[in-house]
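To start, the structure under review is shown below, and the notes come after it.
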Amino acid sequence: MKKVISKGKFERMNKLSNDQNIIDALALDQRGSLVNGMKKASEKYGKLFSMQLVYDFKEIVSEVLSPLSSAVLLDEQMGFKGIQAKSKDTGLIMSYEKTGYDADTPGRLPSLIPNQSAQMMVENGADALKVLIYYNPNDPDEINDVKKAFAERYGTEGLAAETPTFLEIVTYDDRYDSKSLDFAKIKPDLVLQSMMEFTKEKYHIDVLKMEIPFNPTYIKEWTDGDEYAYTEEQAKGYLKELSDEATRPFIFLSAGVPTPVFQRELKLAGDSGAKFSGVLSGRATWLEGVDIYIRDGKDGLIDWLKNKGTRNVTELTKILSENATPWFEAYGGLDNIQVVDTSMVK
């Protein structure tokens, strides 16, 4: 059977992709984590923190790096200046979820921005939407059923608005610190089970934004320490397993690892035969710029972005061209997609 996609979604998916039909996107929707990072840097350099620093940072990064990216992910709350500054030829993905979660409520439950809707965001220029959920496949049903229903509502809303839906899944287990060896050992299974669930057709998700299914700190050949959770060959196997379970395009998030590590992970994914469709790379691309911005101001940040930041993006683009696959290959190629015009449906 052919994959049926509405004309609106199909055209927007193409706008979000580069000339190789790969999603080479910049993530700039960090909110709470970016504020915390800037506060720490301000304290370090004896500067006064204000939210204006966050707004201006997003604007500057978007203006310099968005022309090099196929799409940029931004939020309206803190990234409104970044949205205005992005290249008109670059696709816009807009965050639809509230930042963070209520730590007093079990399960890290997701929630949407209350004064937004898919249709409203499309009317404001969005070419796609993005929602993040924290997911542990082993949580009780009363928690995971809420998240599954949430994902279904989100996907269905995107279907009606003819806009692609990106679902970012971050795995966790409250028993372990996310950076621990114990969590590293169970992470491959958590990521794989998450893919198996949310790749199902009933969710109407267009692009799954997945974690790399291992912690690179604990790959035997990549660490100088004695502790490891897997060999490089096992890590390649996890990447291929993840790809084999996908029934729709999926891309990788950078999870804040250093740029060289993320590049190495993507090359390993290519070597494994994993058919991923690109990246939404955030902190791995611009995190160093936060410190420089607080210390050296706007001119210092622009100089860094035009040199190191630009190099981070162009190196990533080259790696993707050699290792990623066009988004429509997840459906068996362009010939296996049927584009339908639903604009007359009221």
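The chains in the structure tokens are called A, B, ... from first to last as shown; in each chain the residues are counted from 1, and the ligands are counted from 1 in the order shown.
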Exercise for the section: Considering only C-alpha atoms, return as a VMD selection string whatever protein or nucleic-acid residues lie within 8 Å of Leu132 in chain A, sequence-local ones (same chain, fewer than 3 positions apart) excluded. Expected result: chain A and resid 97 110 167 to 170
What does the file look like for those residues with N, CA, C and O atoms, as a PDB file, in the first residue's frame?
```pdb
ATOM      1  N   GLU A  97       5.201  22.386  23.074  1.00  0.00           N
ATOM      2  CA  GLU A  97       5.047  21.945  24.454  1.00  0.00           C
ATOM      3  C   GLU A  97       5.590  22.984  25.426  1.00  0.00           C
ATOM      4  O   GLU A  97       6.471  23.761  25.077  1.00  0.00           O
ATOM      5  N   PRO A 110       3.598  15.456  30.003  1.00  0.00           N
ATOM      6  CA  PRO A 110       3.731  16.574  29.061  1.00  0.00           C
ATOM      7  C   PRO A 110       2.514  17.472  29.072  1.00  0.00           C
ATOM      8  O   PRO A 110       1.422  17.068  29.476  1.00  0.00           O
ATOM      9  N   LEU A 167       7.931  14.371  16.906  1.00  0.00           N
ATOM     10  CA  LEU A 167       7.806  13.935  18.293  1.00  0.00           C
ATOM     11  C   LEU A 167       9.193  13.582  18.818  1.00  0.00           C
ATOM     12  O   LEU A 167       9.840  12.658  18.327  1.00  0.00           O
ATOM     13  N   GLU A 168       9.655  14.347  19.798  1.00  0.00           N
ATOM     14  CA  GLU A 168      10.955  14.101  20.427  1.00  0.00           C
ATOM     15  C   GLU A 168      10.732  13.243  21.667  1.00  0.00           C
ATOM     16  O   GLU A 168       9.936  13.597  22.538  1.00  0.00           O
ATOM     17  N   ILE A 169      11.459  12.140  21.749  1.00  0.00           N
ATOM     18  CA  ILE A 169      11.302  11.219  22.875  1.00  0.00           C
ATOM     19  C   ILE A 169      12.604  11.168  23.663  1.00  0.00           C
ATOM     20  O   ILE A 169      13.653  10.824  23.117  1.00  0.00           O
ATOM     21  N   VAL A 170      12.513  11.519  24.936  1.00  0.00           N
ATOM     22  CA  VAL A 170      13.678  11.441  25.834  1.00  0.00           C
ATOM     23  C   VAL A 170      13.363  10.389  26.888  1.00  0.00           C
ATOM     24  O   VAL A 170      12.387  10.519  27.638  1.00  0.00           O
TER      25      VAL A 170
END
```
Mind dumping a table of every range 152-262 of chain A residue within 12 Å of range 328-334 of chain A, with the nearest atom pair and its distance in Å to one decimal, using only C-alpha atoms, sorted by chain and rising number, as a Markdown table?
```
| residue | atom | partner | partner_atom | distance |
| --- | --- | --- | --- | --- |
| A:Thr199 | CA | A:Ala330 | CA | 11.2 |
| A:Asp206 | CA | A:Ala330 | CA | 10.5 |
| A:Val207 | CA | A:Ala330 | CA | 10.2 |
| A:Leu208 | CA | A:Ala330 | CA | 11.5 |
| A:Ser243 | CA | A:Ala330 | CA | 9.5 |
| A:Asp244 | CA | A:Ala330 | CA | 10.1 |
| A:Glu245 | CA | A:Ala330 | CA | 10.7 |
| A:Ala246 | CA | A:Ala330 | CA | 7.7 |
| A:Thr247 | CA | A:Ala330 | CA | 6.3 |
| A:Arg248 | CA | A:Ala330 | CA | 5.1 |
| A:Pro249 | CA | A:Ala330 | CA | 5.3 |
| A:Phe250 | CA | A:Ala330 | CA | 8.4 |
| A:Ile251 | CA | A:Ala330 | CA | 11.4 |
```
Practice task
Please identify all polymer residues within 8 Å of Ala324 in chain A, counting only C-alpha atoms, omitting same-chain residues fewer than 3 positions from it, and present them as an MDAnalysis selection string.
Solution key: chainID A and resid 22 270 275:278 319:321
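Residues with any atom within 10 Å of Gly46 in chain A, counting only C-alpha atoms and excluding same-chain neighbours fewer than 4 positions away, are Lys40, Ala41, Ser42, Ile294 and Arg295 of chain A.
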Residues from last step as file, N, CA, C and O atoms, as an mmCIF file, in the first residue's frame:
```cif
data_model
loop_
_atom_site.group_PDB
_atom_site.id
_atom_site.type_symbol
_atom_site.label_atom_id
_atom_site.label_comp_id
_atom_site.auth_asym_id
_atom_site.auth_seq_id
_atom_site.Cartn_x
_atom_site.Cartn_y
_atom_site.Cartn_z
ATOM 1 N N LYS A 40 24.498 30.899 34.844
ATOM 2 C CA LYS A 40 25.791 30.419 35.342
ATOM 3 C C LYS A 40 26.941 31.190 34.712
ATOM 4 O O LYS A 40 27.900 31.572 35.386
ATOM 5 N N ALA A 41 26.845 31.418 33.395
ATOM 6 C CA ALA A 41 27.902 32.162 32.705
ATOM 7 C C ALA A 41 27.961 33.607 33.204
ATOM 8 O O ALA A 41 29.045 34.182 33.369
ATOM 9 N N SER A 42 26.796 34.204 33.460
ATOM 10 C CA SER A 42 26.748 35.586 33.960
ATOM 11 C C SER A 42 27.409 35.682 35.331
ATOM 12 O O SER A 42 28.166 36.628 35.620
ATOM 13 N N ILE A 294 28.282 35.791 26.725
ATOM 14 C CA ILE A 294 28.253 36.487 28.020
ATOM 15 C C ILE A 294 29.580 37.203 28.271
ATOM 16 O O ILE A 294 29.601 38.339 28.758
ATOM 17 N N ARG A 295 30.677 36.576 27.899
ATOM 18 C CA ARG A 295 31.998 37.164 28.164
ATOM 19 C C ARG A 295 32.338 38.298 27.211
ATOM 20 O O ARG A 295 32.806 39.359 27.618
#
```
Exercise for the section: Just the helix (DSSP H, G or I) stuff from range 236-295 of chain A, please, per backbone DSSP, written as a ChimeraX atom specification. Expected result: /A:236-245,259-272,283-286,288-295
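Residue nearest Lys306 in chain A within the list A:Leu242, A:Val290, A:Ala118, A:Val61: A:Val61 [criterion: smallest interatomic distance, only C-alpha atoms].
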Completion exercise
Of A:Ile219, A:Leu268, A:Val257, A:Met196, the one sitting nearest Glu322 in chain A when using only C-alpha atoms is A:Leu268
Handout entry: Test item: residues at most 12 Å from Asp102 in chain A, only C-alpha atoms, excluding those fewer than 5 positions along its chain, as a list in words
Key = Gly107, Arg108, Leu109, Pro110, Ser111 and Tyr134 of chain A
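Put simply, CA of Lys44 in chain A is 28.5 Å away from CA of Leu73 in chain A.
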Practice task
If you run DSSP over the backbone, which residues in range 62-147 of chain A end up strand (DSSP E)? Put them as a VMD selection string.
Solution key: chain A and resid 71 to 74 91 to 95 128 to 135
Write to file, as a tab-separated table (two decimals), in the first residue's frame, the residues of the selection just made, with all heavy atoms.
```tsv
chain	number	residue	atom	x	y	z
A	71	ALA	N	16.19	23.71	8.19
A	71	ALA	CA	15.10	24.18	9.05
A	71	ALA	C	15.69	24.59	10.39
A	71	ALA	O	16.79	24.19	10.75
A	71	ALA	CB	14.06	23.08	9.26
A	72	VAL	N	14.91	25.40	11.13
A	72	VAL	CA	15.33	25.79	12.47
A	72	VAL	C	14.14	25.60	13.40
A	72	VAL	O	13.00	25.92	13.06
A	72	VAL	CB	15.87	27.23	12.50
A	72	VAL	CG1	14.82	28.23	12.04
A	72	VAL	CG2	16.39	27.60	13.89
A	73	LEU	N	14.41	25.04	14.57
A	73	LEU	CA	13.38	24.81	15.59
A	73	LEU	C	13.45	25.92	16.61
A	73	LEU	O	14.48	26.13	17.25
A	73	LEU	CB	13.63	23.44	16.26
A	73	LEU	CG	12.85	23.14	17.54
A	73	LEU	CD1	11.35	23.12	17.28
A	73	LEU	CD2	13.31	21.81	18.13
A	74	LEU	N	12.34	26.64	16.76
A	74	LEU	CA	12.28	27.77	17.69
A	74	LEU	C	10.97	27.76	18.46
A	74	LEU	O	10.00	27.11	18.06
A	74	LEU	CB	12.43	29.09	16.93
A	74	LEU	CG	13.87	29.50	16.56
A	74	LEU	CD1	13.88	30.44	15.38
A	74	LEU	CD2	14.57	30.14	17.76
A	91	GLY	N	13.16	26.39	6.60
A	91	GLY	CA	11.89	25.98	7.20
A	91	GLY	C	11.84	26.30	8.68
A	91	GLY	O	12.87	26.40	9.36
A	92	LEU	N	10.62	26.49	9.20
A	92	LEU	CA	10.42	26.81	10.61
A	92	LEU	C	9.64	25.70	11.31
A	92	LEU	O	8.51	25.40	10.95
A	92	LEU	CB	9.66	28.14	10.76
A	92	LEU	CG	9.29	28.54	12.20
A	92	LEU	CD1	10.54	28.75	13.05
A	92	LEU	CD2	8.42	29.80	12.19
A	93	ILE	N	10.27	25.10	12.32
A	93	ILE	CA	9.61	24.14	13.20
A	93	ILE	C	9.37	24.88	14.52
A	93	ILE	O	10.28	25.50	15.06
A	93	ILE	CB	10.49	22.90	13.45
A	93	ILE	CG1	10.97	22.30	12.13
A	93	ILE	CG2	9.73	21.85	14.27
A	93	ILE	CD1	12.08	21.26	12.29
A	94	MET	N	8.14	24.81	15.03
A	94	MET	CA	7.83	25.54	16.26
A	94	MET	C	7.50	24.58	17.39
A	94	MET	O	6.76	23.61	17.21
A	94	MET	CB	6.68	26.52	16.04
A	94	MET	CG	7.11	27.72	15.19
A	94	MET	SD	5.77	28.89	14.85
A	94	MET	CE	5.38	29.48	16.49
A	95	SER	N	8.08	24.86	18.58
A	95	SER	CA	7.80	24.06	19.76
A	95	SER	C	6.37	24.30	20.22
A	95	SER	O	5.92	25.44	20.30
A	95	SER	CB	8.76	24.43	20.89
A	95	SER	OG	10.02	23.88	20.65
A	128	ALA	N	6.19	23.17	10.56
A	128	ALA	CA	6.06	21.93	11.31
A	128	ALA	C	5.97	22.26	12.79
A	128	ALA	O	6.30	23.37	13.22
A	128	ALA	CB	7.26	21.01	11.06
A	129	LEU	N	5.49	21.28	13.57
A	129	LEU	CA	5.41	21.42	15.01
A	129	LEU	C	6.30	20.39	15.67
A	129	LEU	O	6.57	19.33	15.10
A	129	LEU	CB	3.96	21.21	15.49
A	129	LEU	CG	2.87	22.00	14.77
A	129	LEU	CD1	1.51	21.60	15.32
A	129	LEU	CD2	3.10	23.50	14.95
A	130	LYS	N	6.74	20.70	16.90
A	130	LYS	CA	7.54	19.73	17.66
A	130	LYS	C	7.04	19.66	19.09
A	130	LYS	O	6.76	20.68	19.71
A	130	LYS	CB	9.01	20.14	17.64
A	130	LYS	CG	9.97	19.10	18.23
A	130	LYS	CD	10.18	19.13	19.74
A	130	LYS	CE	10.63	20.44	20.30
A	130	LYS	NZ	10.91	20.34	21.79
A	131	VAL	N	6.91	18.43	19.58
A	131	VAL	CA	6.55	18.20	20.97
A	131	VAL	C	7.54	17.21	21.57
A	131	VAL	O	7.95	16.26	20.90
A	131	VAL	CB	5.10	17.65	21.09
A	131	VAL	CG1	4.90	16.90	22.37
A	131	VAL	CG2	4.09	18.79	20.99
A	132	LEU	N	7.94	17.46	22.81
A	132	LEU	CA	8.84	16.55	23.52
A	132	LEU	C	8.04	15.81	24.59
A	132	LEU	O	7.25	16.41	25.31
A	132	LEU	CB	9.98	17.35	24.17
A	132	LEU	CG	11.01	16.57	25.01
A	132	LEU	CD1	12.37	17.29	24.97
A	132	LEU	CD2	10.57	16.42	26.47
A	133	ILE	N	8.28	14.49	24.68
A	133	ILE	CA	7.75	13.75	25.82
A	133	ILE	C	8.88	12.95	26.46
A	133	ILE	O	9.77	12.45	25.78
A	133	ILE	CB	6.58	12.80	25.44
A	133	ILE	CG1	7.03	11.71	24.47
A	133	ILE	CG2	5.40	13.55	24.89
A	133	ILE	CD1	6.00	10.59	24.34
A	134	TYR	N	8.83	12.88	27.78
A	134	TYR	CA	9.72	11.99	28.53
A	134	TYR	C	9.01	10.65	28.63
A	134	TYR	O	7.83	10.59	29.00
A	134	TYR	CB	10.00	12.56	29.92
A	134	TYR	CG	10.79	13.85	29.89
A	134	TYR	CD1	10.15	15.09	29.88
A	134	TYR	CD2	12.18	13.83	29.85
A	134	TYR	CE1	10.87	16.27	29.84
A	134	TYR	CE2	12.91	15.01	29.81
A	134	TYR	CZ	12.26	16.22	29.80
A	134	TYR	OH	12.97	17.38	29.76
A	135	TYR	N	9.73	9.57	28.31
A	135	TYR	CA	9.04	8.28	28.23
A	135	TYR	C	9.89	7.16	28.81
A	135	TYR	O	11.08	7.03	28.48
A	135	TYR	CB	8.71	7.97	26.76
A	135	TYR	CG	7.80	6.77	26.57
A	135	TYR	CD1	6.48	6.80	27.01
A	135	TYR	CD2	8.26	5.60	25.97
A	135	TYR	CE1	5.64	5.71	26.85
A	135	TYR	CE2	7.43	4.51	25.79
A	135	TYR	CZ	6.12	4.57	26.24
A	135	TYR	OH	5.29	3.48	26.09
```
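The interatomic distance for the pair CA of Asp75 in chain A and CA of Asp29 in chain A works out to 5.1 Å.
The neighbours of Gln84 in chain A here are the residues that come within 10 Å of it, using only C-alpha atoms and leaving out any residue fewer than 6 positions away in the same chain; they are Glu59, Ser62 and Glu63 of chain A.
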Fill in the blank from the handout: Closest of A:Tyr101, A:Phe80, A:Phe57, A:Tyr230 to Asp182 in chain A, counting only C-alpha atoms, is A:Tyr230
Practice task
Just the residues within 9 Å of Lys202 in chain A, please, counting only C-alpha atoms, with nothing from its chain fewer than 4 positions along; format it as a PyMOL selection string.
Solution key: chain A and resi 152+155-156+198
Practice task
Report the distance between CA of Ala25 in chain A and CA of Ser66 in chain A in Å, rounded to one decimal place.
Solution key: 8.5 Å
